[in-house]
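Student: I am attaching a structure below and will ask some questions about it afterwards.
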Amino acid sequence: MSIQPLGDRVLVQEIEVKEVSVGGIILPDSAKEKPQEAKVIALGTGGIDANGKEITFHVAEGDTVIVSKYGGTEVKADGQEYKILNQNDILAVVK
């Protein structure tokens with residue numbers, strides 16, 4: 001199955017945090033923070049925003065980005081977990 005976001009939305013896949021702390025302690029799921037790093041999988045269809053301006057994406061497929069912790073909508077497809085979020089929920093591109 002293929003997921004195509006619409007408008008200014010972006011499909012990302014979260015990059016999991018390490019399960020072992022720096023000191024070697026294994027962290028249980030309840031102690032882990034929600035991942036903020038994600039890989040851009042697909043961009044939306046673009047279009048025109050409410051002000052009549054063309055939507056420009058500031059990220060590209062394959063970029064590693066930092067996203068807001070609790071933004072977006074989680075979806076599952078082909079056994080993988082993804083998140084669809086507005087481009088405004090992307091805080092930075094990791095270079």
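In the structure tokens, chains take letters A, B, ... by order of appearance, with residues numbered from 1 within each chain and ligands from 1 in the order shown.
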If DSSP is run on the backbone, what residues of chain A are strand (DSSP E)? A reply as a PyMOL selection string would be ideal.

Tutor: chain A and resi 9-14+37-43+64-67+73-77+80-86+90-94

Student: Set the distance at 8 Å and use only C-alpha atoms: which residues neighbour Leu11 in chain A once local chain neighbours fewer than 3 positions away are removed? I'd like the list as a list in words.

Tutor: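 Once the adjacent positions are removed, what remains is Ile3, Gln4, Pro5, Val40, Ile41, Ala42, Leu43, Gly44, Tyr82, Lys83, Ile84 and Leu85 of chain A.
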
Student: Could those residues be written to a file, using N, CA and C atoms, as a PDB file, in the first residue's frame?

Tutor:
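After the write, part10.pdb holds the following:
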ATOM      1  N   ILE A   3       1.016   5.450   0.590  1.00  0.00           N
ATOM      2  CA  ILE A   3       0.310   6.561   1.241  1.00  0.00           C
ATOM      3  C   ILE A   3       0.789   7.858   0.605  1.00  0.00           C
ATOM      4  N   GLN A   4      -0.138   8.658   0.094  1.00  0.00           N
ATOM      5  CA  GLN A   4       0.177   9.959  -0.508  1.00  0.00           C
ATOM      6  C   GLN A   4      -0.491  11.042   0.325  1.00  0.00           C
ATOM      7  N   PRO A   5       0.297  11.822   1.094  1.00  0.00           N
ATOM      8  CA  PRO A   5      -0.303  12.915   1.857  1.00  0.00           C
ATOM      9  C   PRO A   5      -0.869  13.984   0.917  1.00  0.00           C
ATOM     10  N   VAL A  40      11.755  11.705   6.274  1.00  0.00           N
ATOM     11  CA  VAL A  40      10.675  12.094   5.370  1.00  0.00           C
ATOM     12  C   VAL A  40      10.514  11.004   4.309  1.00  0.00           C
ATOM     13  N   ILE A  41       9.304  10.444   4.221  1.00  0.00           N
ATOM     14  CA  ILE A  41       9.008   9.379   3.278  1.00  0.00           C
ATOM     15  C   ILE A  41       8.333   9.929   2.020  1.00  0.00           C
ATOM     16  N   ALA A  42       7.366  10.828   2.197  1.00  0.00           N
ATOM     17  CA  ALA A  42       6.642  11.394   1.051  1.00  0.00           C
ATOM     18  C   ALA A  42       6.151  12.798   1.374  1.00  0.00           C
ATOM     19  N   LEU A  43       6.082  13.624   0.342  1.00  0.00           N
ATOM     20  CA  LEU A  43       5.550  14.981   0.476  1.00  0.00           C
ATOM     21  C   LEU A  43       4.122  15.023  -0.038  1.00  0.00           C
ATOM     22  N   GLY A  44       3.355  15.990   0.454  1.00  0.00           N
ATOM     23  CA  GLY A  44       1.975  16.177   0.024  1.00  0.00           C
ATOM     24  C   GLY A  44       1.877  16.619  -1.422  1.00  0.00           C
ATOM     25  N   TYR A  82       3.848   5.034  10.618  1.00  0.00           N
ATOM     26  CA  TYR A  82       4.184   6.323  10.026  1.00  0.00           C
ATOM     27  C   TYR A  82       3.425   7.416  10.762  1.00  0.00           C
ATOM     28  N   LYS A  83       3.777   8.649  10.460  1.00  0.00           N
ATOM     29  CA  LYS A  83       3.057   9.791  11.005  1.00  0.00           C
ATOM     30  C   LYS A  83       2.832  10.777   9.861  1.00  0.00           C
ATOM     31  N   ILE A  84       1.602  11.271   9.745  1.00  0.00           N
ATOM     32  CA  ILE A  84       1.280  12.316   8.777  1.00  0.00           C
ATOM     33  C   ILE A  84       1.132  13.607   9.566  1.00  0.00           C
ATOM     34  N   LEU A  85       1.909  14.616   9.177  1.00  0.00           N
ATOM     35  CA  LEU A  85       1.842  15.875   9.908  1.00  0.00           C
ATOM     36  C   LEU A  85       1.920  17.046   8.946  1.00  0.00           C
TER      37      LEU A  85
END

Student: One decimal, Å: what's the distance from CA of Gly71 in chain A over to CA of Gln13 in chain A, could you say?

Tutor: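 Here the two named atoms are 13.2 Å from each other.
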
Student: In terms of the shortest atom-to-atom distance over only C-alpha atoms, which of A:Ser2, A:Gly24, A:Asp89, A:Glu16 is closest to Lys69 in chain A?

Tutor: A:Asp89

Student: For CA of Glu74 in chain A and CA of Val12 in chain A, quote the distance in Å rounded to one decimal.

Tutor: 9.7 Å

Student: Pick out the closest residue to Glu81 in chain A from this set: A:Asp63, A:Lys95, A:Lys39, A:Ala50. Count only C-alpha atoms.

Tutor: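 Among A:Asp63, A:Lys95, A:Lys39, A:Ala50, it is A:Lys39 that comes nearest to Glu81 in chain A.
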
Student: Given only C-alpha atoms as the basis, pick out the residue of A:Ile25, A:Leu6, A:Asn88, A:Val94 nearest to Gly47 in chain A.

Tutor: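 Of the candidates, the smallest distance to Gly47 in chain A is held by A:Leu6.
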
Student: Work out how far apart CA of Ile48 in chain A and CA of Val75 in chain A are and give it in Å to one decimal.

Tutor: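 Pair CA of Ile48 in chain A / CA of Val75 in chain A returns 25.3 Å.
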
Student: From the list A:Ala60, A:Val65, A:Ile55, A:Val10, which residue is nearest Gln36 in chain A when using only C-alpha atoms?

Tutor: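 Smallest separation from Gln36 in chain A among the options: A:Val65.
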
Student: I'd like the contact shell of Gln87 in chain A - 8 Å cut-off, only C-alpha atoms, skipping same-chain residues fewer than 5 positions apart - returned as a PDB file with C-alpha atoms, in the first residue's frame.

Tutor:
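Wrote result25.pdb, looks like this:
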ATOM      1  CA  ASP A   8       0.991  20.702   2.856  1.00  0.00           C
ATOM      2  CA  ARG A   9       1.194  17.443   4.784  1.00  0.00           C
ATOM      3  CA  VAL A  10       4.291  15.263   5.034  1.00  0.00           C
ATOM      4  CA  PHE A  57       7.993  22.430   0.735  1.00  0.00           C
TER       5      PHE A  57
END
